[in-house]
$ cat entry13.txt   # compact mmCIF, C-alpha atoms
# COMPACT_ATOMS: atom_id res chain seq x y z
CA ALA X 1 -11.34 -14.37 13.20
CA ARG X 2 -15.04 -13.53 12.79
CA SER X 3 -16.02 -16.89 14.28
CA PHE X 4 -13.91 -16.07 17.35
CA GLY X 5 -15.70 -12.76 17.84
CA ALA X 6 -13.46 -10.28 16.03
CA GLU X 7 -15.15 -6.88 15.81
CA GLY X 8 -12.94 -5.44 13.09
CA ILE X 9 -9.43 -5.46 11.64
CA GLY X 10 -7.08 -3.09 13.40
CA LEU X 11 -4.28 -3.48 10.88
CA CYS X 12 -4.20 -5.18 7.48
CA ARG X 13 -0.54 -5.28 6.37
CA THR X 14 -0.73 -5.06 2.58
CA GLU X 15 2.90 -6.06 1.94
CA HIS X 16 2.03 -9.71 2.68
CA MET X 17 -0.28 -9.66 -0.34
CA PHE X 18 2.62 -9.18 -2.77
CA PHE X 19 4.66 -12.33 -2.21
CA ASP X 20 2.57 -14.92 -4.07
CA GLY X 21 3.11 -16.16 -7.64
CA ASP X 22 2.31 -13.53 -10.26
CA ARG X 23 2.21 -10.80 -7.65
CA ILE X 24 5.85 -11.00 -6.68
CA VAL X 25 6.81 -11.00 -10.37
CA ALA X 26 4.83 -7.80 -11.00
CA MET X 27 6.18 -6.30 -7.79
CA ARG X 28 9.75 -6.96 -8.88
CA GLU X 29 9.00 -5.51 -12.31
CA MET X 30 7.84 -2.34 -10.59
CA ILE X 31 10.94 -2.16 -8.39
CA LEU X 32 13.30 -2.73 -11.32
CA ALA X 33 11.54 -0.20 -13.56
CA ASP X 34 13.63 2.82 -14.55
CA THR X 35 10.74 5.16 -15.34
CA GLU X 36 7.41 6.13 -13.81
CA LYS X 37 5.68 4.86 -16.95
CA ASP X 38 7.16 1.39 -16.49
CA ARG X 39 6.37 1.43 -12.77
CA ARG X 40 2.76 2.28 -13.51
CA ALA X 41 2.59 -0.53 -16.08
CA ALA X 42 3.70 -3.03 -13.43
CA LEU X 43 1.34 -1.54 -10.85
CA ALA X 44 -1.53 -1.93 -13.33
CA LYS X 45 -0.96 -5.69 -13.09
CA LEU X 46 -1.15 -5.54 -9.30
CA LEU X 47 -4.29 -3.38 -9.18
CA PRO X 48 -6.88 -6.13 -9.87
CA MET X 49 -5.11 -8.47 -7.44
CA GLN X 50 -5.21 -5.89 -4.65
CA ARG X 51 -8.81 -4.98 -5.48
CA SER X 52 -9.81 -8.64 -5.21
CA ASP X 53 -8.06 -8.95 -1.84
CA PHE X 54 -9.79 -5.89 -0.42
CA LEU X 55 -13.18 -6.90 -1.83
CA GLU X 56 -12.96 -10.26 -0.07
CA LEU X 57 -11.85 -8.51 3.10
CA PHE X 58 -14.77 -6.07 3.08
CA GLU X 59 -17.27 -8.82 2.30
CA ILE X 60 -16.04 -11.04 5.14
CA MET X 61 -16.05 -8.17 7.65
CA ALA X 62 -19.56 -7.16 6.54
CA GLY X 63 -19.47 -3.53 7.60
CA LEU X 64 -17.14 -3.91 10.58
CA PRO X 65 -14.19 -1.47 10.66
CA VAL X 66 -11.15 -2.38 8.56
CA THR X 67 -7.85 -0.48 8.76
CA ILE X 68 -5.61 -1.04 5.74
CA ARG X 69 -1.97 0.02 5.95
CA LEU X 70 -0.29 1.15 2.75
CA LEU X 71 2.97 -0.50 1.69
CA ASP X 72 5.44 -0.23 4.55
CA PRO X 73 8.69 -2.28 4.19
CA PRO X 74 11.72 -1.17 2.15
CA LEU X 75 11.63 -2.39 -1.44
CA HIS X 76 14.72 -4.58 -1.17
CA GLU X 77 12.67 -7.05 0.88
CA PHE X 78 10.82 -8.05 -2.29
CA LEU X 79 13.97 -8.79 -4.28
CA PRO X 80 15.82 -12.15 -4.41
CA LYS X 81 18.61 -12.72 -1.90
CA THR X 82 20.63 -15.82 -2.86
CA GLU X 83 22.62 -16.21 -6.09
CA GLU X 84 20.29 -19.03 -7.09
CA GLU X 85 17.25 -16.80 -6.61
CA VAL X 86 18.94 -13.96 -8.50
CA ALA X 87 19.64 -16.21 -11.49
CA GLU X 88 16.10 -17.60 -11.45
CA VAL X 89 14.41 -14.20 -11.20
CA ALA X 90 16.72 -12.60 -13.78
CA ALA X 91 15.90 -15.35 -16.28
CA ALA X 92 12.16 -15.07 -15.61
CA MET X 93 12.20 -11.27 -15.97
CA LYS X 94 14.63 -11.28 -18.90
CA VAL X 95 17.11 -8.95 -17.22
CA SER X 96 20.78 -9.51 -16.50
CA PRO X 97 21.73 -10.94 -13.09
CA ASP X 98 24.12 -7.99 -12.71
CA LYS X 99 21.29 -5.46 -13.08
CA LEU X 100 19.28 -7.33 -10.48
CA ARG X 101 22.22 -7.45 -8.08
CA GLN X 102 22.96 -3.75 -8.58
CA ARG X 103 19.35 -2.79 -7.91
CA THR X 104 19.23 -4.96 -4.80
CA GLU X 105 22.46 -3.42 -3.50
CA ALA X 106 21.23 0.10 -4.26
CA LEU X 107 18.02 -0.50 -2.31
CA HIS X 108 19.65 -2.27 0.63
CA GLU X 109 19.04 -0.43 3.90
CA PHE X 110 21.67 -0.08 6.63
CA ASN X 111 18.82 0.31 9.11
CA PRO X 112 15.71 -1.05 7.37
CA MET X 113 13.48 -0.09 10.31
CA LEU X 114 14.07 3.62 9.73
CA GLY X 115 15.14 3.89 6.10
CA HIS X 116 13.41 4.39 2.76
CA ARG X 117 10.11 2.80 3.69
CA GLY X 118 6.56 3.63 4.78
CA CYS X 119 5.31 7.05 3.75
CA ARG X 120 8.76 7.80 2.33
CA LEU X 121 8.08 5.27 -0.43
CA ALA X 122 4.76 7.00 -1.11
CA VAL X 123 6.55 10.35 -1.36
CA SER X 124 9.25 9.00 -3.70
CA TYR X 125 6.86 6.81 -5.71
CA PRO X 126 3.33 8.21 -5.21
CA GLU X 127 2.05 5.87 -7.92
CA ILE X 128 2.35 2.97 -5.44
CA ALA X 129 0.03 4.63 -2.91
CA GLU X 130 -2.29 5.70 -5.72
CA MET X 131 -2.64 2.11 -6.95
CA GLN X 132 -3.39 0.84 -3.46
CA ALA X 133 -5.89 3.63 -2.78
CA ARG X 134 -7.69 2.91 -6.06
CA ALA X 135 -7.86 -0.80 -5.21
CA ILE X 136 -9.32 0.03 -1.78
CA PHE X 137 -11.92 2.47 -3.11
CA GLU X 138 -13.02 0.32 -6.04
CA ALA X 139 -13.38 -2.67 -3.71
CA ALA X 140 -15.34 -0.57 -1.20
CA VAL X 141 -17.75 0.54 -3.93
CA GLU X 142 -18.29 -3.01 -5.18
CA ALA X 143 -18.67 -4.46 -1.68
CA GLY X 144 -21.13 -1.72 -0.80
CA ARG X 145 -23.22 -2.41 -3.89
CA LYS X 146 -23.33 -6.14 -3.17
CA ALA X 147 -24.27 -5.66 0.47
CA GLY X 148 -26.53 -2.68 -0.05
CA ALA X 149 -24.65 -0.93 2.74
CA LEU X 150 -21.89 1.65 2.99
CA VAL X 151 -18.32 0.39 3.40
CA VAL X 152 -16.03 2.88 5.16
CA PRO X 153 -12.36 1.89 4.77
CA GLU X 154 -9.70 3.31 7.07
CA ILE X 155 -6.39 3.92 5.29
CA MET X 156 -3.24 4.05 7.38
CA VAL X 157 -0.19 5.92 6.09
CA PRO X 158 2.83 4.26 7.75
CA LEU X 159 5.95 5.73 9.37
CA VAL X 160 4.80 9.35 9.42
CA GLY X 161 7.14 11.66 11.32
CA LEU X 162 6.11 15.02 9.84
CA VAL X 163 2.64 16.36 9.14
CA LYS X 164 3.90 17.35 5.66
CA GLU X 165 4.43 13.67 4.87
CA LEU X 166 0.88 12.79 5.86
CA ASP X 167 -0.54 15.80 4.00
CA TYR X 168 1.33 14.84 0.81
CA VAL X 169 0.15 11.23 0.80
CA LYS X 170 -3.36 12.15 1.94
CA ALA X 171 -3.69 14.55 -0.99
CA ARG X 172 -2.87 11.69 -3.37
CA ILE X 173 -5.40 9.44 -1.66
CA ASP X 174 -8.07 12.15 -1.82
CA ALA X 175 -7.40 12.69 -5.53
CA VAL X 176 -7.86 8.98 -6.24
CA ALA X 177 -11.07 8.91 -4.16
CA LYS X 178 -12.42 11.82 -6.19
CA SER X 179 -11.61 10.03 -9.47
CA VAL X 180 -13.27 6.78 -8.36
CA MET X 181 -16.36 8.65 -7.18
CA GLU X 182 -16.61 10.41 -10.55
CA GLU X 183 -16.14 7.13 -12.44
CA THR X 184 -18.64 5.12 -10.39
CA GLY X 185 -21.14 7.78 -9.37
CA VAL X 186 -20.89 6.47 -5.80
CA LYS X 187 -20.00 8.62 -2.79
CA ILE X 188 -17.16 7.08 -0.80
CA ASP X 189 -16.71 7.68 2.91
CA TYR X 190 -13.25 6.87 4.24
CA LEU X 191 -10.74 7.87 6.89
CA THR X 192 -7.04 8.56 6.44
CA GLY X 193 -4.77 8.34 9.45
CA THR X 194 -1.43 7.08 10.68
CA MET X 195 0.35 5.12 13.38
CA ILE X 196 2.37 6.97 16.01
CA GLU X 197 5.48 4.79 15.73
CA LEU X 198 8.37 7.27 15.61
CA PRO X 199 9.72 9.44 18.45
CA ARG X 200 9.20 12.57 16.36
CA ALA X 201 5.61 11.56 15.61
CA ALA X 202 4.97 11.16 19.33
CA ILE X 203 6.44 14.59 20.08
CA ARG X 204 4.55 16.24 17.19
CA ALA X 205 1.34 14.22 17.51
CA HIS X 206 -0.68 17.35 18.30
CA VAL X 207 0.33 18.79 14.91
CA ILE X 208 -0.15 15.55 12.97
CA ALA X 209 -3.60 15.24 14.60
CA GLU X 210 -4.72 18.31 12.66
CA SER X 211 -4.48 16.27 9.43
CA ALA X 212 -5.00 12.69 10.62
CA GLU X 213 -8.53 11.33 10.98
CA PHE X 214 -7.39 8.56 13.29
CA PHE X 215 -4.30 7.41 15.18
CA SER X 216 -3.11 3.93 16.00

$ encode --input "entry13.txt" --output "structure tokens"
Amino acid sequence: ARSFGAEGIGLCRTEHMFFDGDRIVAMREMILADTEKDRRAALAKLLPMQRSDFLELFEIMAGLPVTIRLLDPPLHEFLPKTEEEVAEVAAAMKVSPDKLRQRTEALHEFNPMLGHRGCRLAVSYPEIAEMQARAIFEAAVEAGRKAGALVVPEIMVPLVGLVKELDYVKARIDAVAKSVMEETGVKIDYLTGTMIELPRAAIRAHVIAESAEFFS
């Protein structure tokens, strides 16, 4: 994209980063976890993978703007669909096929475009957004050190319809940024915004704009 004259990345969809090899295994472990502790253990496996992705992204873009969207699709999209896949994944994860089927059925969305996805996942499971935010900030710090220049990531919170949703997720992102700054001793500049993709968001955009630092 750079060789063709790209001047930035308007939207990096992070869900595509979770489908390869070890990543999809850890992602499924997180989805199948019954407790926050177990979810965080699975997310800890994903953290270095996400950090590596973002580091490469920042290095390639060399200071050009990069907008990274937090996890958007409903969780059932990461689970196996055919009986053969269910049996294979259940064996690999050492869980019963029935448990896997039950979890898949429980997460299935009647209307996946408007269901339990986007910022609603971050509200239900804030640890997911926290992991992604940490990966972004740690990568930004490392990329900035290597380049000797400030990296300013733009973090997009998806499917916001209410300003309360954005405020809740933004507070989690800000808390992670503060922790990373304290740990590294590096000041991080970043923007947190959202995409106006719901009718309610369009109608209430003037209110959401009071919290968002950018719109898409």

$ closest_residue --input "entry13.txt" --among "X:Asp53, X:Val180, X:Arg40, X:Phe4" --to "Met17 of chain X" --atoms "only C-alpha atoms"
X:Asp53

$ atom_distance --input "entry13.txt" --atom1 "atom CA of Ala171 of chain X" --atom2 "atom CA of Phe19 of chain X"
28.2 Å

$ closest_residue --input "entry13.txt" --among "X:Glu138, X:Glu210, X:Asp38, X:Glu127" --to "Leu162 of chain X" --atoms "all atoms listed in the file"
X:Glu210

$ atom_distance --input "entry13.txt" --atom1 "atom CA of Ala91 of chain X" --atom2 "atom CA of Leu32 of chain X"
13.8 Å

$ closest_residue --input "entry13.txt" --among "X:Val123, X:Ser211, X:Gly161, X:Arg145" --to "Thr184 of chain X" --atoms "all atoms listed in the file"
X:Arg145

$ residues_around --input "entry13.txt" --residues "Pro48 of chain X" --least-positions-apart "3" --cutoff "12 Å" --atoms "all atoms listed in the file" --output "NGL selection string"
:X and (22-23 or 26 or 42-45 or 51-55 or 131-132 or 134-136 or 138-139)
